[in-house]
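Asker: Quick one: this structure, given as C-alpha coordinates, is what I'll be asking you about.
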Amino acid sequence: MEEVARERRQEGLRRMRWRLRGAWLWPAFLVLTVLEMGLLHWLPVAGAGSGWIAALLLAGCLNVIAIAVVGGLGGVALRRLRGDLPKVVADDYAGLAALGVVGAAFLVAGLVHRPELNADRKAFALQSMAVRLWVEAHGDAFTRAHVNGANSVLVDRDLYRTCIPGPDPRRWLCLVVDTSQRPPLVRRDTSRESNASQNPRGSFR
(Lines give C-alpha, C1' and ligand atoms only; values in the text may rest on other atoms or scores of the structure.)
Protein backbone atom coordinates (compact mmCIF):
# COMPACT_ATOMS: atom_id res chain seq x y z
CA MET A 1 0.00 0.00 0.00
CA GLU A 2 2.79 2.38 0.87
CA GLU A 3 4.38 1.71 -2.52
CA VAL A 4 1.12 2.47 -4.29
CA ALA A 5 0.66 5.67 -2.27
CA ARG A 6 4.22 6.75 -3.06
CA GLU A 7 3.68 6.17 -6.78
CA ARG A 8 0.46 8.17 -6.68
CA ARG A 9 2.20 11.06 -4.93
CA GLN A 10 5.00 10.97 -7.50
CA GLU A 11 2.48 10.86 -10.33
CA GLY A 12 0.65 13.83 -8.78
CA LEU A 13 3.91 15.78 -8.52
CA ARG A 14 4.73 15.01 -12.15
CA ARG A 15 1.33 16.23 -13.27
CA MET A 16 1.72 19.40 -11.21
CA ARG A 17 5.12 20.07 -12.78
CA TRP A 18 3.65 19.58 -16.26
CA ARG A 19 0.79 21.95 -15.46
CA LEU A 20 3.19 24.58 -14.18
CA ARG A 21 5.33 24.19 -17.29
CA GLY A 22 2.21 24.55 -19.42
CA ALA A 23 0.86 27.61 -17.64
CA TRP A 24 2.93 30.34 -19.31
CA LEU A 25 0.96 30.90 -22.50
CA TRP A 26 -1.72 33.36 -21.39
CA PRO A 27 0.47 35.39 -19.01
CA ALA A 28 2.95 35.69 -21.91
CA PHE A 29 0.07 36.64 -24.21
CA LEU A 30 -0.90 39.56 -21.96
CA VAL A 31 2.66 40.80 -21.50
CA LEU A 32 3.63 40.50 -25.18
CA THR A 33 0.41 42.13 -26.37
CA VAL A 34 1.10 45.19 -24.22
CA LEU A 35 4.73 45.33 -25.37
CA GLU A 36 3.69 44.96 -29.02
CA MET A 37 1.15 47.75 -28.56
CA GLY A 38 4.00 50.07 -27.61
CA LEU A 39 6.15 48.72 -30.43
CA LEU A 40 3.45 49.33 -33.04
CA HIS A 41 2.84 52.84 -31.70
CA TRP A 42 6.48 53.94 -31.64
CA LEU A 43 7.78 51.77 -34.49
CA PRO A 44 4.82 51.41 -36.89
CA VAL A 45 4.85 48.81 -39.64
CA ALA A 46 3.06 51.14 -42.10
CA GLY A 47 2.05 54.78 -42.36
CA ALA A 48 3.03 57.49 -39.92
CA GLY A 49 1.92 55.60 -36.82
CA SER A 50 -1.10 54.19 -35.07
CA GLY A 51 -3.02 55.11 -31.96
CA TRP A 52 -2.74 53.09 -28.77
CA ILE A 53 -6.15 51.45 -29.16
CA ALA A 54 -5.57 50.49 -32.79
CA ALA A 55 -2.14 49.07 -31.92
CA LEU A 56 -3.62 47.08 -29.02
CA LEU A 57 -6.38 45.64 -31.21
CA LEU A 58 -3.95 44.68 -33.98
CA ALA A 59 -1.48 43.05 -31.61
CA GLY A 60 -4.19 41.25 -29.65
CA CYS A 61 -6.02 39.93 -32.72
CA LEU A 62 -2.89 38.64 -34.43
CA ASN A 63 -1.67 37.02 -31.23
CA VAL A 64 -5.00 35.22 -30.76
CA ILE A 65 -4.93 34.02 -34.37
CA ALA A 66 -1.32 32.86 -33.95
CA ILE A 67 -2.19 30.89 -30.82
CA ALA A 68 -5.32 29.34 -32.34
CA VAL A 69 -3.88 28.41 -35.74
CA VAL A 70 -0.09 28.20 -35.54
CA GLY A 71 -0.06 27.14 -31.91
CA GLY A 72 -2.69 24.45 -32.46
CA LEU A 73 -0.93 22.92 -35.44
CA GLY A 74 2.43 23.28 -33.75
CA GLY A 75 1.14 21.49 -30.68
CA VAL A 76 0.07 18.51 -32.78
CA ALA A 77 3.46 18.40 -34.52
CA LEU A 78 5.31 18.73 -31.22
CA ARG A 79 3.42 15.81 -29.65
CA ARG A 80 4.37 13.64 -32.62
CA LEU A 81 8.01 14.44 -31.96
CA ARG A 82 7.74 14.12 -28.19
CA GLY A 83 5.09 11.65 -27.19
CA ASP A 84 5.81 12.23 -23.49
CA LEU A 85 4.41 15.76 -23.62
CA PRO A 86 0.83 16.23 -22.42
CA LYS A 87 -1.39 18.01 -24.92
CA VAL A 88 -1.76 21.14 -22.77
CA VAL A 89 2.02 21.50 -22.46
CA ALA A 90 2.63 20.91 -26.17
CA ASP A 91 -0.02 23.48 -27.07
CA ASP A 92 1.52 25.90 -24.58
CA TYR A 93 5.01 25.55 -26.04
CA ALA A 94 3.73 25.90 -29.59
CA GLY A 95 1.61 28.92 -28.62
CA LEU A 96 4.60 30.61 -26.99
CA ALA A 97 6.62 30.03 -30.16
CA ALA A 98 3.78 31.50 -32.25
CA LEU A 99 3.69 34.60 -30.01
CA GLY A 100 7.43 34.99 -30.45
CA VAL A 101 7.07 34.80 -34.23
CA VAL A 102 4.39 37.53 -34.20
CA GLY A 103 6.51 39.80 -32.01
CA ALA A 104 9.58 39.27 -34.19
CA ALA A 105 7.54 39.98 -37.32
CA PHE A 106 6.31 43.29 -35.85
CA LEU A 107 9.88 44.26 -34.95
CA VAL A 108 11.32 43.38 -38.37
CA ALA A 109 8.49 45.11 -40.25
CA GLY A 110 8.89 48.22 -38.08
CA LEU A 111 12.64 48.37 -38.69
CA VAL A 112 12.14 47.89 -42.45
CA HIS A 113 9.55 50.70 -42.48
CA ARG A 114 11.62 53.05 -40.30
CA PRO A 115 13.69 54.69 -43.10
CA GLU A 116 10.49 55.54 -44.99
CA LEU A 117 8.92 56.84 -41.79
CA ASN A 118 11.95 59.03 -41.07
CA ALA A 119 11.85 60.39 -44.62
CA ASP A 120 8.16 61.23 -44.25
CA ARG A 121 8.78 63.01 -40.95
CA LYS A 122 11.63 64.99 -42.49
CA ALA A 123 9.45 65.98 -45.46
CA PHE A 124 6.65 67.06 -43.11
CA ALA A 125 9.07 69.16 -41.07
CA LEU A 126 10.37 70.79 -44.26
CA GLN A 127 6.88 71.65 -45.50
CA SER A 128 5.91 72.99 -42.08
CA MET A 129 8.91 75.29 -42.04
CA ALA A 130 8.21 76.37 -45.63
CA VAL A 131 4.62 77.25 -44.69
CA ARG A 132 5.78 79.32 -41.73
CA LEU A 133 8.27 81.22 -43.87
CA TRP A 134 5.62 81.87 -46.53
CA VAL A 135 3.12 83.10 -43.94
CA GLU A 136 5.73 85.34 -42.36
CA ALA A 137 6.50 86.88 -45.76
CA HIS A 138 3.02 87.01 -47.34
CA GLY A 139 0.40 86.41 -44.67
CA ASP A 140 -1.69 89.01 -42.88
CA ALA A 141 -1.63 89.62 -39.13
CA PHE A 142 -4.46 87.15 -38.42
CA THR A 143 -2.77 84.36 -40.40
CA ARG A 144 0.58 84.92 -38.71
CA ALA A 145 -1.12 84.83 -35.30
CA HIS A 146 -2.91 81.54 -36.10
CA VAL A 147 -0.25 79.65 -38.02
CA ASN A 148 0.05 77.19 -35.12
CA GLY A 149 -3.51 76.12 -35.87
CA ALA A 150 -2.54 74.87 -39.32
CA ASN A 151 -3.19 71.28 -40.34
CA SER A 152 -1.76 69.33 -43.25
CA VAL A 153 -2.81 66.43 -45.42
CA LEU A 154 -0.59 64.44 -47.75
CA VAL A 155 -2.18 64.84 -51.18
CA ASP A 156 0.40 62.84 -53.10
CA ARG A 157 3.97 61.74 -52.63
CA ASP A 158 5.99 64.85 -51.64
CA LEU A 159 2.88 67.03 -52.01
CA TYR A 160 1.09 68.52 -49.00
CA ARG A 161 -1.91 70.77 -48.60
CA THR A 162 -1.67 72.88 -45.46
CA CYS A 163 -4.52 75.09 -44.30
CA ILE A 164 -4.45 77.90 -41.73
CA PRO A 165 -7.70 79.13 -40.15
CA GLY A 166 -8.98 82.55 -41.14
CA PRO A 167 -11.40 85.02 -39.51
CA ASP A 168 -14.22 83.27 -41.38
CA PRO A 169 -14.27 79.61 -40.27
CA ARG A 170 -15.46 78.64 -43.76
CA ARG A 171 -12.56 80.38 -45.51
CA TRP A 172 -9.05 79.17 -44.71
CA LEU A 173 -5.70 80.13 -46.19
CA CYS A 174 -4.53 76.96 -47.91
CA LEU A 175 -1.08 76.33 -49.36
CA VAL A 176 0.16 73.50 -51.57
CA VAL A 177 3.72 72.52 -50.72
CA ASP A 178 5.96 70.42 -52.97
CA THR A 179 8.78 68.92 -50.89
CA SER A 180 10.46 67.20 -53.86
CA GLN A 181 12.28 70.49 -54.45
CA ARG A 182 14.86 72.20 -52.25
CA PRO A 183 13.73 74.52 -50.85
CA PRO A 184 10.12 73.29 -51.00
CA LEU A 185 7.91 75.06 -53.53
CA VAL A 186 4.92 76.81 -51.92
CA ARG A 187 1.93 78.12 -53.86
CA ARG A 188 -1.41 79.42 -52.71
CA ASP A 189 -4.42 77.19 -53.32
CA THR A 190 -7.32 79.01 -54.94
CA SER A 191 -9.72 76.94 -52.86
CA ARG A 192 -10.44 78.34 -49.38
CA GLU A 193 -12.10 75.16 -48.12
CA SER A 194 -10.42 73.49 -45.16
CA ASN A 195 -8.83 70.06 -45.39
CA ALA A 196 -11.59 68.65 -43.20
CA SER A 197 -14.25 70.09 -45.50
CA GLN A 198 -12.67 68.60 -48.62
CA ASN A 199 -11.84 65.27 -47.03
CA PRO A 200 -13.91 64.61 -43.88
CA ARG A 201 -12.37 61.20 -43.30
CA GLY A 202 -8.80 62.24 -44.01
CA SER A 203 -5.84 61.93 -41.67
CA PHE A 204 -4.50 65.34 -40.73
CA ARG A 205 -1.31 66.44 -39.02
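Residue numbers start at 1 in each chain; chains themselves are named A, B, ... in the order of the C-alpha coordinates; ligands are numbered from 1 in the order shown.
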If you count only C-alpha atoms, which residues fall within 9 Å of stretch 151-161 of chain A, apart from same-chain ones fewer than 4 positions away, as a list in words?

Answerer: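 Skipping anything fewer than 4 positions along the chain leaves Asp120, Ala123, Phe124, Gln127, Ser128, Cys174, Leu175, Val176, Val177, Asp178, Thr179, Ser180, Gln181, Asp189, Ser194, Asn195, Gly202, Ser203, Phe204 and Arg205 of chain A.
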
Asker: Got a sec: who's within 7 Å of stretch 129-144 of chain A, counting only C-alpha atoms, leaving out chain neighbours fewer than 6 positions off, as a VMD selection string?

Answerer: chain A and resid 164 166 184

Asker: Could you check the closest approach to A:Ala68 for each of A:Ala109, A:Ala98, A:Ala104, A:Ala125 and tell me which residue wins, using only C-alpha atoms?

Answerer: A:Ala98

Asker: If you run DSSP on the backbone here, which positions in chain A get alpha helix (DSSP H)? Please write them as JSON, numbers by chain.

Answerer: {"A": [2, 3, 4, 5, 6, 7, 8, 9, 10, 11, 12, 13, 14, 15, 16, 17, 18, 19, 20, 21, 25, 26, 27, 28, 29, 30, 31, 32, 33, 34, 35, 36, 37, 38, 39, 40, 41, 42, 52, 53, 54, 55, 56, 57, 58, 59, 60, 61, 62, 63, 64, 65, 72, 73, 74, 75, 76, 77, 78, 79, 80, 81, 87, 88, 89, 90, 91, 92, 93, 94, 95, 96, 97, 98, 99, 100, 101, 102, 103, 104, 105, 106, 107, 108, 109, 110, 111, 112, 113, 114, 115, 116, 117, 118, 119, 120, 121, 122, 123, 124, 125, 126, 127, 128, 129, 130, 131, 132, 133, 134, 135, 136, 137, 138, 141, 142, 143, 144, 145, 195, 196, 197, 198]}

Asker: What's around A:Ser50 at 7 Å? Count only C-alpha atoms, leave out sequence neighbours fewer than 3 positions away in its own chain, and write the answer as a PyMOL selection string.

Answerer: chain A and resi 40-41+44+54-55

Asker: Would you mind telling me which residue in A:Trp42, A:Asp91, A:Ile53, A:Glu116 lies nearest to A:Leu25 when using only C-alpha atoms?

Answerer: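 Counting only C-alpha atoms, the residue closest to A:Leu25 is A:Asp91.
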
Asker: Run DSSP on the backbone of this structure and report the residues of chain A it assigns to strand (DSSP E), as a PyMOL selection string.

Answerer: chain A and resi 151-156+159-164+173-178+185-188

Asker: With N, CA and C atoms retained, write the just-selected residues as a short mmCIF file (atom, residue, chain, number, x, y, z; two decimals), in the first residue's frame.

Answerer:
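File result.cif, as written:
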data_model
loop_
_atom_site.label_atom_id
_atom_site.label_comp_id
_atom_site.auth_asym_id
_atom_site.auth_seq_id
_atom_site.Cartn_x
_atom_site.Cartn_y
_atom_site.Cartn_z
N ASN A 151 -3.22 72.74 -40.22
CA ASN A 151 -3.19 71.28 -40.34
C ASN A 151 -2.87 70.91 -41.78
N SER A 152 -2.26 69.76 -41.94
CA SER A 152 -1.76 69.33 -43.25
C SER A 152 -2.29 67.97 -43.62
N VAL A 153 -2.43 67.74 -44.90
CA VAL A 153 -2.81 66.43 -45.42
C VAL A 153 -1.89 66.12 -46.59
N LEU A 154 -1.45 64.87 -46.65
CA LEU A 154 -0.59 64.44 -47.75
C LEU A 154 -1.47 64.13 -48.96
N VAL A 155 -1.36 64.99 -49.98
CA VAL A 155 -2.18 64.84 -51.18
C VAL A 155 -1.61 63.76 -52.10
N ASP A 156 -0.31 63.79 -52.26
CA ASP A 156 0.40 62.84 -53.10
C ASP A 156 1.82 62.74 -52.55
N LEU A 159 3.78 65.90 -51.77
CA LEU A 159 2.88 67.03 -52.01
C LEU A 159 1.88 67.15 -50.86
N TYR A 160 1.95 68.28 -50.15
CA TYR A 160 1.09 68.52 -49.00
C TYR A 160 0.14 69.69 -49.27
N ARG A 161 -1.00 69.62 -48.63
CA ARG A 161 -1.91 70.77 -48.60
C ARG A 161 -2.07 71.17 -47.15
N THR A 162 -1.64 72.38 -46.83
CA THR A 162 -1.67 72.88 -45.46
C THR A 162 -2.59 74.08 -45.39
N CYS A 163 -3.53 74.03 -44.44
CA CYS A 163 -4.52 75.09 -44.30
C CYS A 163 -4.41 75.76 -42.94
N ILE A 164 -4.54 77.08 -42.95
CA ILE A 164 -4.45 77.90 -41.73
C ILE A 164 -5.80 78.59 -41.55
N LEU A 173 -6.83 79.91 -45.28
CA LEU A 173 -5.70 80.13 -46.19
C LEU A 173 -5.03 78.78 -46.39
N CYS A 174 -5.07 78.29 -47.63
CA CYS A 174 -4.53 76.96 -47.91
C CYS A 174 -3.36 77.07 -48.88
N LEU A 175 -2.31 76.32 -48.56
CA LEU A 175 -1.08 76.33 -49.36
C LEU A 175 -0.77 74.91 -49.81
N VAL A 176 -0.29 74.79 -51.04
CA VAL A 176 0.16 73.50 -51.57
C VAL A 176 1.68 73.53 -51.57
N VAL A 177 2.27 72.54 -50.92
CA VAL A 177 3.72 72.52 -50.72
C VAL A 177 4.31 71.28 -51.38
N ASP A 178 5.28 71.51 -52.27
CA ASP A 178 5.96 70.42 -52.97
C ASP A 178 7.34 70.25 -52.33
N LEU A 185 8.66 74.08 -52.77
CA LEU A 185 7.91 75.06 -53.53
C LEU A 185 6.53 75.25 -52.89
N VAL A 186 6.19 76.50 -52.58
CA VAL A 186 4.92 76.81 -51.92
C VAL A 186 4.09 77.68 -52.85
N ARG A 187 2.84 77.28 -53.08
CA ARG A 187 1.93 78.12 -53.86
C ARG A 187 0.58 78.15 -53.15
N ARG A 188 -0.11 79.24 -53.36
CA ARG A 188 -1.41 79.42 -52.71
C ARG A 188 -2.48 78.66 -53.46
#

Asker: Quick one, how far is atom CA of A:Met37 from atom CA of A:Leu56?

Answerer: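 For atom CA of A:Met37 relative to atom CA of A:Leu56, the distance reads 4.8 Å.
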
Asker: Point out the residue among A:Ala48, A:Val64, A:Ala105, A:Ala59 with the least atom-to-atom distance to A:Leu35, counting only C-alpha atoms.

Answerer: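 For A:Leu35, the nearest of the given residues is A:Ala59.
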
Asker: Of the candidates A:Val45, A:Leu99, A:Val88, A:Ala28, which one gets nearest to A:Ile67 if we count only C-alpha atoms?

Answerer: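 Among the listed residues, A:Leu99 lies closest to A:Ile67.
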
Asker: How many Å lie between atom CA of A:His146 and atom CA of A:Arg171, rounded to one decimal?

Answerer: 13.5 Å

Asker: Which residue, A:Pro27, A:Gly49, A:Gly38, A:Pro183, has the smallest gap to A:Leu117 when you use only C-alpha atoms?

Answerer: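 Once distances to A:Leu117 are computed over only C-alpha atoms, the minimum belongs to A:Gly49.
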